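K.L.:
The structure is given below, and queries will be raised subsequently.
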Amino acid sequence: MEEIPRDHPRYVSLMIRRRLVEGFRAGIVVPEGLLAHGRGEALDYILGEETQPPAQQAVKAAAALMLSSQHPVISVNGNTVALAVDEVVRLSKLVPAKIEVNLFHRSGERISKIKQLLENHGAADVLGDDELVEIPGLSSLRRLVSRRGIFAADCVLVPLEDGDRAEKLVSMGKKIIAIDLNPFSRTSRAATITIVDNVVRAMPNLCRAVEELKGRDHETLQAIYKGFNNQENLARMIELILRRLERLAGLDGLKWGAA
Ligand code: PTJ
């Protein structure tokens with residue numbers, strides 16, 4: 001692939017796209033994943049492509065929730081591993097939490113490629129194709145989950161999700177942490193904690209927060225995540241988008257247009 005000049009004003013964004021295209025060519029990301037990224041990056045652009053304070057609060061609550069859970073699981077799909085494979089593995093070791101591959105566009109071949117990639121980056125015992133059971137009432141192939149993983153989990157981290165599975169997992173009594181740049185999505189609204197940020201920033205932030213909170217007693221961790229109100233946090237993110245658009249509307253449009 002052609003070189004992307006380091007001094008290009010959109011260098012970071014172009015490199016993120018490149019990772020997804022490479023993931024697509026390797027059979028890890030589906031074409032729909034590239035489209036999903038387009039929606040995500042449009043929202044990220046509006047958010048200023050940086051972690052906003054409400055997202056950092058959600059990260060802290062998510063870290064506390066994962067650390068105080070009995071059986072936390074990190075659910076991964078094609079886009080997540082293409083963008084944050086090292087952080088997924090690191091987080092799974094820090095918490096510790098199991099990793100399960102759970103795909104919307106499920107195929108045996110993609111599951112083994114994603115498992116292989118995770119294992120190449122140091123993950124052990126990646127779930128997703130063994131002892132499968134169904135999430136009741138869910139018709140997409142995401143209903144197939146591991147008995148030892150998502151099915152038994154009390155807390156599931158779902159980066160980049162499509163709506164209905166999060167809702168079903170919540171109705172099964174599980175606590176859900178979503179990472180989704182779209183504060184309006186069904187996933188964001190259904191989750192216990194939603195981190196409205198790009199997965200490339202949210203995952204390292206989550207690793208750092210887990211490192212900081214590790215060793216705190218159960219009551220302190222519970223107090224942190226119980227003090228978090230998801231609907232309020234989403235409302236603050238939407239408010240932030242409104243304020244930012246208002247500010248931008250006052251500027252010369254040509255100055256801030258992306259290449
Ligand atoms: O790998 P598979 O087969 O499981 O398929 C994965 C995709 C992403 C194709 C599938 O889950 C899907 O169709 O998802 P949706 O319904 O398009 O939802 C993806 C959500 O993630 C949208 O709300 C996007 O705004 C958001 N999003 C996209 N890129 C990012 C993101 N959120 C955080 N970080 C991103 N980089």
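Naming works like this for the structure tokens: A, B, ... for the chains as they're shown, residue 1 at the start of each chain, ligands 1 onward in shown order.
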Would you kindly return, as a list of chain:residue names, each protein, DNA or RNA residue with an atom no farther than 10 Å from any atom of Gln231 (chain A), considering only C-alpha atoms and excluding same-chain residues fewer than 4 positions away?
P.N.:
A:Pro183, A:Ser188, A:Arg189, A:Ala190, A:Ala191, A:Thr192, A:Ile193, A:Thr194, A:Ala235, A:Arg236, A:Met237
K.L.:
Please tabulate, as a Markdown table, the residues of chain A that come within 7 Å of ligand 1, each with its closest pair of atoms and the distance in Å to one decimal, counting only C-alpha atoms and all ligand atoms and ordering rows by chain, then residue number upward.
P.N.:
| residue | atom | partner | partner_atom_place_in_ligand_line | distance |
| --- | --- | --- | --- | --- |
| A:Val29 | CA | ligand 1 | 1 (O) | 5.8 |
| A:Val30 | CA | ligand 1 | 1 (O) | 6.1 |
| A:Glu32 | CA | ligand 1 | 9 (C) | 4.6 |
| A:Gly33 | CA | ligand 1 | 9 (C) | 3.6 |
| A:Ala36 | CA | ligand 1 | 17 (O) | 4.1 |
| A:His37 | CA | ligand 1 | 29 (N) | 3.9 |
| A:Gly38 | CA | ligand 1 | 28 (C) | 6.8 |
| A:Arg39 | CA | ligand 1 | 25 (O) | 4.8 |
| A:Gly40 | CA | ligand 1 | 25 (O) | 3.6 |
| A:Glu41 | CA | ligand 1 | 29 (N) | 6.2 |
| A:Leu43 | CA | ligand 1 | 25 (O) | 6.8 |
| A:Asn77 | CA | ligand 1 | 1 (O) | 4.1 |
| A:Gly78 | CA | ligand 1 | 1 (O) | 3.7 |
| A:Asn79 | CA | ligand 1 | 1 (O) | 5.8 |
| A:Asn102 | CA | ligand 1 | 4 (O) | 6.3 |
| A:Leu103 | CA | ligand 1 | 4 (O) | 3.4 |
| A:Phe104 | CA | ligand 1 | 4 (O) | 3.8 |
| A:His105 | CA | ligand 1 | 3 (O) | 3.6 |
| A:Arg106 | CA | ligand 1 | 3 (O) | 5.7 |
| A:Pro159 | CA | ligand 1 | 33 (C) | 6.8 |
| A:Leu160 | CA | ligand 1 | 21 (O) | 3.9 |
| A:Glu161 | CA | ligand 1 | 11 (O) | 4.6 |
| A:Asp162 | CA | ligand 1 | 16 (O) | 3.6 |
| A:Gly163 | CA | ligand 1 | 16 (O) | 6.4 |
| A:Ile179 | CA | ligand 1 | 33 (C) | 5.6 |
| A:Asp180 | CA | ligand 1 | 32 (N) | 3.7 |
| A:Leu181 | CA | ligand 1 | 32 (N) | 4.1 |
| A:Asn182 | CA | ligand 1 | 25 (O) | 4.6 |
| A:Ser185 | CA | ligand 1 | 23 (O) | 5.7 |
| A:Asp197 | CA | ligand 1 | 33 (C) | 5.7 |
| A:Asn198 | CA | ligand 1 | 34 (N) | 3.5 |
| A:Val199 | CA | ligand 1 | 34 (N) | 3.9 |
| A:Val200 | CA | ligand 1 | 36 (N) | 6.3 |
K.L.:
Take the residues from that selection and put them in a file with N, CA and C atoms, as a short mmCIF file (atom, residue, chain, number, x, y, z; two decimals), in the first residue's frame.
P.N.:
data_model
loop_
_atom_site.label_atom_id
_atom_site.label_comp_id
_atom_site.auth_asym_id
_atom_site.auth_seq_id
_atom_site.Cartn_x
_atom_site.Cartn_y
_atom_site.Cartn_z
N VAL A 29 -12.05 -8.33 9.02
CA VAL A 29 -13.12 -7.32 9.01
C VAL A 29 -14.04 -7.61 7.82
N VAL A 30 -15.35 -7.46 8.03
CA VAL A 30 -16.31 -7.63 6.92
C VAL A 30 -16.51 -6.28 6.21
N GLU A 32 -19.12 -4.71 5.76
CA GLU A 32 -20.04 -3.92 6.61
C GLU A 32 -19.29 -3.23 7.74
N GLY A 33 -18.18 -3.81 8.16
CA GLY A 33 -17.35 -3.22 9.21
C GLY A 33 -16.73 -1.91 8.73
N ALA A 36 -19.50 0.57 8.91
CA ALA A 36 -19.75 0.93 10.32
C ALA A 36 -18.69 1.93 10.79
N HIS A 37 -17.46 1.75 10.31
CA HIS A 37 -16.39 2.68 10.70
C HIS A 37 -16.68 4.09 10.18
N GLY A 38 -17.25 4.14 8.95
CA GLY A 38 -17.59 5.45 8.37
C GLY A 38 -18.54 6.22 9.27
N ARG A 39 -19.54 5.51 9.79
CA ARG A 39 -20.48 6.19 10.70
C ARG A 39 -19.73 6.64 11.96
N GLY A 40 -18.91 5.74 12.47
CA GLY A 40 -18.16 6.05 13.69
C GLY A 40 -17.25 7.25 13.50
N GLU A 41 -16.50 7.27 12.38
CA GLU A 41 -15.52 8.36 12.23
C GLU A 41 -16.21 9.70 11.99
N LEU A 43 -18.94 10.63 13.54
CA LEU A 43 -19.26 11.08 14.91
C LEU A 43 -17.99 11.51 15.64
N ASN A 77 -15.28 -8.40 18.01
CA ASN A 77 -15.66 -8.65 16.62
C ASN A 77 -14.49 -8.24 15.70
N GLY A 78 -14.77 -8.25 14.39
CA GLY A 78 -13.69 -7.98 13.43
C GLY A 78 -13.08 -6.60 13.60
N ASN A 79 -13.92 -5.56 13.66
CA ASN A 79 -13.39 -4.19 13.78
C ASN A 79 -12.56 -4.01 15.05
N ASN A 102 -17.36 -12.98 19.13
CA ASN A 102 -18.81 -13.09 18.88
C ASN A 102 -19.11 -12.18 17.69
N LEU A 103 -19.54 -12.78 16.59
CA LEU A 103 -19.65 -12.02 15.34
C LEU A 103 -21.09 -11.89 14.87
N PHE A 104 -21.38 -10.74 14.30
CA PHE A 104 -22.69 -10.54 13.68
C PHE A 104 -22.71 -11.29 12.34
N HIS A 105 -21.66 -11.09 11.54
CA HIS A 105 -21.53 -11.79 10.25
C HIS A 105 -20.66 -13.03 10.52
N ARG A 106 -21.26 -13.99 11.18
CA ARG A 106 -20.48 -15.11 11.71
C ARG A 106 -20.08 -16.11 10.62
N PRO A 159 -17.33 -3.74 22.68
CA PRO A 159 -16.93 -2.62 21.84
C PRO A 159 -17.60 -2.75 20.47
N LEU A 160 -18.10 -1.65 19.93
CA LEU A 160 -18.65 -1.63 18.56
C LEU A 160 -19.72 -2.67 18.30
N GLU A 161 -20.82 -2.50 18.90
CA GLU A 161 -21.88 -3.52 18.91
C GLU A 161 -23.01 -3.13 17.96
N ASP A 162 -23.81 -4.10 17.55
CA ASP A 162 -25.07 -3.75 16.89
C ASP A 162 -26.17 -4.05 17.90
N GLY A 163 -27.10 -3.10 18.03
CA GLY A 163 -28.07 -3.00 19.10
C GLY A 163 -28.67 -4.16 19.87
N ILE A 179 -18.68 0.31 24.09
CA ILE A 179 -17.83 1.39 23.56
C ILE A 179 -18.43 1.73 22.21
N ASP A 180 -18.99 2.91 22.08
CA ASP A 180 -19.71 3.26 20.86
C ASP A 180 -19.66 4.77 20.67
N LEU A 181 -19.18 5.17 19.50
CA LEU A 181 -19.10 6.61 19.22
C LEU A 181 -20.47 7.25 19.03
N ASN A 182 -21.49 6.41 18.92
CA ASN A 182 -22.83 6.93 18.66
C ASN A 182 -23.66 6.97 19.96
N SER A 185 -27.30 5.44 19.73
CA SER A 185 -27.58 4.06 19.31
C SER A 185 -28.33 3.28 20.39
N ASP A 197 -16.67 6.99 22.81
CA ASP A 197 -15.32 7.35 22.37
C ASP A 197 -14.88 6.34 21.32
N ASN A 198 -13.83 6.69 20.60
CA ASN A 198 -13.29 5.75 19.61
C ASN A 198 -12.60 4.60 20.34
N VAL A 199 -12.83 3.40 19.85
CA VAL A 199 -12.24 2.22 20.50
C VAL A 199 -10.71 2.32 20.58
N VAL A 200 -10.09 3.05 19.63
CA VAL A 200 -8.62 3.18 19.65
C VAL A 200 -8.15 4.02 20.85
#
K.L.:
Excluding Arg201 (chain A) and residues on its chain fewer than 6 positions from it, collect all residues at most 10 Å away from it, counting only C-alpha atoms, and give them as a list of chain:residue names.
P.N.:
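So, after excluding close chain neighbours, the residues are A:Glu49, A:Glu50, A:Thr51, A:Leu83, A:Ala84, A:Glu87.
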K.L.:
Which residues are near Lys98 (chain A)? Cut-off 10 Å, only C-alpha atoms, ignore same chain within fewer than 5 positions. Put them as a list in words.
P.N.:
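Using only C-alpha atoms, the neighbours found are His71, Pro72, Val73, Ile74, Ser75, Val89, Leu91, Ser92, Lys93, Ala123, Ala124, Asp125, Val126, Leu127, Arg148, Gly149, Ile150, Ala153 and Val156 of chain A.
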K.L.:
Output the selection as a CSV table (one decimal), in the first residue's frame - all heavy atoms for each residue.
P.N.:
chain,number,residue,atom,x,y,z
A,71,HIS,N,-17.3,-12.6,36.9
A,71,HIS,CA,-17.0,-13.3,35.6
A,71,HIS,C,-17.1,-12.4,34.4
A,71,HIS,O,-18.0,-12.5,33.6
A,71,HIS,CB,-18.0,-14.5,35.5
A,71,HIS,CG,-17.7,-15.4,34.4
A,71,HIS,ND1,-16.4,-15.6,33.9
A,71,HIS,CD2,-18.5,-16.3,33.8
A,71,HIS,CE1,-16.5,-16.5,32.9
A,71,HIS,NE2,-17.7,-16.9,32.8
A,72,PRO,N,-16.1,-11.4,34.3
A,72,PRO,CA,-16.2,-10.5,33.2
A,72,PRO,C,-15.7,-11.1,31.9
A,72,PRO,O,-14.7,-11.9,31.9
A,72,PRO,CB,-15.3,-9.3,33.7
A,72,PRO,CG,-14.3,-10.0,34.7
A,72,PRO,CD,-15.0,-11.2,35.3
A,73,VAL,N,-16.3,-10.7,30.8
A,73,VAL,CA,-15.9,-11.2,29.5
A,73,VAL,C,-15.8,-10.0,28.5
A,73,VAL,O,-16.6,-9.1,28.5
A,73,VAL,CB,-17.0,-12.2,29.0
A,73,VAL,CG1,-16.7,-12.6,27.5
A,73,VAL,CG2,-17.0,-13.5,29.8
A,74,ILE,N,-14.7,-10.1,27.7
A,74,ILE,CA,-14.6,-9.1,26.6
A,74,ILE,C,-15.1,-9.7,25.3
A,74,ILE,O,-14.5,-10.7,24.9
A,74,ILE,CB,-13.1,-8.6,26.5
A,74,ILE,CG1,-12.5,-8.2,27.8
A,74,ILE,CG2,-13.0,-7.6,25.4
A,74,ILE,CD1,-11.0,-8.0,27.8
A,75,SER,N,-16.1,-9.2,24.8
A,75,SER,CA,-16.6,-9.7,23.5
A,75,SER,C,-16.0,-9.0,22.4
A,75,SER,O,-16.0,-7.8,22.4
A,75,SER,CB,-18.2,-9.5,23.5
A,75,SER,OG,-18.7,-9.9,22.2
A,89,VAL,N,-6.0,-7.8,24.5
A,89,VAL,CA,-5.2,-8.9,25.2
A,89,VAL,C,-4.7,-8.3,26.6
A,89,VAL,O,-4.8,-9.0,27.6
A,89,VAL,CB,-4.1,-9.4,24.4
A,89,VAL,CG1,-3.2,-10.3,25.1
A,89,VAL,CG2,-4.6,-10.0,23.1
A,91,LEU,N,-6.0,-5.9,28.4
A,91,LEU,CA,-7.1,-5.7,29.4
A,91,LEU,C,-7.5,-7.0,30.0
A,91,LEU,O,-7.8,-7.2,31.2
A,91,LEU,CB,-8.3,-5.0,28.7
A,91,LEU,CG,-9.5,-4.7,29.6
A,91,LEU,CD1,-9.1,-3.6,30.6
A,91,LEU,CD2,-10.7,-4.2,28.8
A,92,SER,N,-7.5,-8.1,29.1
A,92,SER,CA,-8.0,-9.4,29.6
A,92,SER,C,-7.0,-9.9,30.7
A,92,SER,O,-7.4,-10.6,31.6
A,92,SER,CB,-8.1,-10.4,28.4
A,92,SER,OG,-6.8,-10.9,28.1
A,93,LYS,N,-5.7,-9.6,30.6
A,93,LYS,CA,-4.8,-10.0,31.6
A,93,LYS,C,-4.8,-9.1,32.8
A,93,LYS,O,-4.7,-9.6,33.9
A,93,LYS,CB,-3.4,-10.0,31.0
A,93,LYS,CG,-3.2,-11.1,29.9
A,93,LYS,CD,-1.8,-11.1,29.3
A,93,LYS,CE,-1.7,-12.3,28.4
A,93,LYS,NZ,-0.6,-12.2,27.5
A,123,ALA,N,-2.9,-13.8,23.6
A,123,ALA,CA,-4.1,-14.2,24.3
A,123,ALA,C,-4.1,-15.7,24.5
A,123,ALA,O,-3.6,-16.5,23.6
A,123,ALA,CB,-5.3,-13.8,23.6
A,124,ALA,N,-4.6,-16.2,25.6
A,124,ALA,CA,-4.8,-17.7,25.8
A,124,ALA,C,-6.2,-18.0,26.0
A,124,ALA,O,-7.0,-17.1,26.5
A,124,ALA,CB,-3.9,-18.1,27.0
A,125,ASP,N,-6.7,-19.2,25.6
A,125,ASP,CA,-8.0,-19.6,25.9
A,125,ASP,C,-9.1,-18.7,25.3
A,125,ASP,O,-9.9,-18.2,26.1
A,125,ASP,CB,-8.2,-19.9,27.4
A,125,ASP,CG,-9.5,-20.6,27.6
A,125,ASP,OD1,-10.0,-21.4,26.7
A,125,ASP,OD2,-10.1,-20.5,28.7
A,126,VAL,N,-9.0,-18.3,24.1
A,126,VAL,CA,-10.0,-17.4,23.5
A,126,VAL,C,-11.2,-18.3,23.1
A,126,VAL,O,-11.1,-19.3,22.5
A,126,VAL,CB,-9.4,-16.8,22.2
A,126,VAL,CG1,-10.5,-15.9,21.5
A,126,VAL,CG2,-8.2,-16.0,22.5
A,127,LEU,N,-12.4,-17.8,23.6
A,127,LEU,CA,-13.6,-18.5,23.4
A,127,LEU,C,-14.3,-18.1,22.2
A,127,LEU,O,-14.0,-17.0,21.6
A,127,LEU,CB,-14.5,-18.3,24.6
A,127,LEU,CG,-13.9,-18.7,26.0
A,127,LEU,CD1,-14.8,-18.2,27.1
A,127,LEU,CD2,-13.7,-20.2,26.1
A,148,ARG,N,-19.1,-21.1,28.6
A,148,ARG,CA,-18.1,-20.7,29.6
A,148,ARG,C,-17.8,-19.2,29.6
A,148,ARG,O,-17.2,-18.7,30.5
A,148,ARG,CB,-16.8,-21.4,29.4
A,148,ARG,CG,-16.8,-22.9,29.6
A,148,ARG,CD,-15.4,-23.5,29.7
A,148,ARG,NE,-14.7,-23.4,28.4
A,148,ARG,CZ,-13.4,-22.9,28.2
A,148,ARG,NH1,-12.8,-22.4,29.2
A,148,ARG,NH2,-12.9,-22.9,27.0
A,149,GLY,N,-18.3,-18.6,28.5
A,149,GLY,CA,-17.9,-17.1,28.4
A,149,GLY,C,-19.1,-16.2,28.6
A,149,GLY,O,-19.6,-16.1,29.7
A,150,ILE,N,-19.6,-15.6,27.5
A,150,ILE,CA,-20.7,-14.7,27.6
A,150,ILE,C,-21.9,-15.2,28.3
A,150,ILE,O,-22.6,-14.5,29.1
A,150,ILE,CB,-21.1,-14.1,26.2
A,150,ILE,CG1,-19.9,-13.3,25.6
A,150,ILE,CG2,-22.4,-13.3,26.2
A,150,ILE,CD1,-20.1,-12.9,24.2
A,153,ALA,N,-21.3,-15.0,31.9
A,153,ALA,CA,-20.7,-13.7,32.4
A,153,ALA,C,-21.7,-12.9,33.3
A,153,ALA,O,-22.9,-13.0,33.0
A,153,ALA,CB,-20.3,-12.9,31.2
A,156,VAL,N,-20.2,-7.9,30.6
A,156,VAL,CA,-19.7,-8.1,29.2
A,156,VAL,C,-19.3,-6.8,28.6
A,156,VAL,O,-20.1,-5.8,28.6
A,156,VAL,CB,-20.7,-8.8,28.3
A,156,VAL,CG1,-20.0,-9.2,27.0
A,156,VAL,CG2,-21.3,-10.1,28.9
K.L.:
Using Å and a single decimal, report how far CA of Ile114 (chain A) sits from CA of Ala209 (chain A).
P.N.:
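Result for CA of Ala209 (chain A) versus CA of Ile114 (chain A): 26.0 Å, one decimal.
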K.L.:
Quick one: of A:Pro54, A:Pro136, A:Pro204, A:Pro96, who's nearest to Asn229 (chain A), counting only C-alpha atoms?
P.N.:
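Looking at the shortest contact to Asn229 (chain A), the residue is A:Pro54.
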K.L.:
Residues of region 134-192 of chain A classed as alpha helix (DSSP H) by DSSP on the backbone are to be reported as number ranges by chain.
P.N.:
A: 164-171, 186-190
K.L.:
I need the residues of region 5-144 of chain A that end up classed as strand (DSSP E or B) by DSSP on the backbone, written out as a ChimeraX atom specification.
P.N.:
/A:72-76,98-101,127,132-134,144
K.L.:
Keeping only C-alpha atoms, write the selected residues as a PDB file, in the first residue's frame.
P.N.:
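The resulting part.pdb:
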ATOM      1  CA  PRO A  72     -16.188 -10.462  33.230  1.00  0.00           C
ATOM      2  CA  VAL A  73     -15.911 -11.211  29.496  1.00  0.00           C
ATOM      3  CA  ILE A  74     -14.585  -9.088  26.631  1.00  0.00           C
ATOM      4  CA  SER A  75     -16.650  -9.738  23.501  1.00  0.00           C
ATOM      5  CA  VAL A  76     -14.741  -9.004  20.282  1.00  0.00           C
ATOM      6  CA  LYS A  98     -12.024 -13.948  29.323  1.00  0.00           C
ATOM      7  CA  ILE A  99     -12.050 -13.015  25.630  1.00  0.00           C
ATOM      8  CA  GLU A 100     -14.840 -14.323  23.399  1.00  0.00           C
ATOM      9  CA  VAL A 101     -15.154 -13.857  19.643  1.00  0.00           C
ATOM     10  CA  LEU A 127     -13.628 -18.546  23.426  1.00  0.00           C
ATOM     11  CA  LEU A 132     -22.084 -22.934  22.121  1.00  0.00           C
ATOM     12  CA  VAL A 133     -25.480 -22.081  23.566  1.00  0.00           C
ATOM     13  CA  GLU A 134     -28.086 -19.542  22.423  1.00  0.00           C
ATOM     14  CA  LEU A 144     -24.434 -18.159  19.597  1.00  0.00           C
TER      15      LEU A 144
END
K.L.:
I'd like the contact shell of Leu14 (chain A) - 10 Å cut-off, only C-alpha atoms, skipping same-chain residues fewer than 6 positions apart - returned as number ranges by chain.
P.N.:
A: 4-5, 8
K.L.:
Which residue, A:Val85, A:Arg17, A:Asp44, A:Cys207, has the smallest gap to Gln116 (chain A) when you use only C-alpha atoms?
P.N.:
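Of A:Val85, A:Arg17, A:Asp44, A:Cys207, the one nearest Gln116 (chain A) is A:Val85, counting only C-alpha atoms.
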K.L.:
Rounded to one decimal place, report the CA of Gly227 (chain A)-CA of Ala58 (chain A) distance in Å.
P.N.:
10.6 Å
K.L.:
Go through A:Cys155, A:Ala249, A:Leu94, A:Leu118 one by one, measure the shortest atom-to-atom distance of each to Glu211 (chain A) using only C-alpha atoms, and give the residue with the smallest value.
P.N.:
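Between A:Cys155, A:Ala249, A:Leu94, A:Leu118, the residue approaching Glu211 (chain A) most closely is A:Leu94.
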K.L.:
A:Glu2, A:Ala63, A:Tyr45, A:Arg25: which is nearest Asn205 (chain A), counting only C-alpha atoms?
P.N.:
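Closest to Asn205 (chain A), using only C-alpha atoms: A:Ala63.
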K.L.:
Do you know which residues are at most 12 Å from Ser171 (chain A) counting only C-alpha atoms, after dropping those on the same chain fewer than 2 positions away, and could you put them as a list in words?
P.N.:
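Residues meeting the cut-off are Ile135, Pro136, Gly137, Leu138, Asp154, Asp164, Arg165, Ala166, Glu167, Lys168, Leu169, Gly173, Lys174, Lys175, Ile176, Ala190, Ala191 and Thr192 of chain A.
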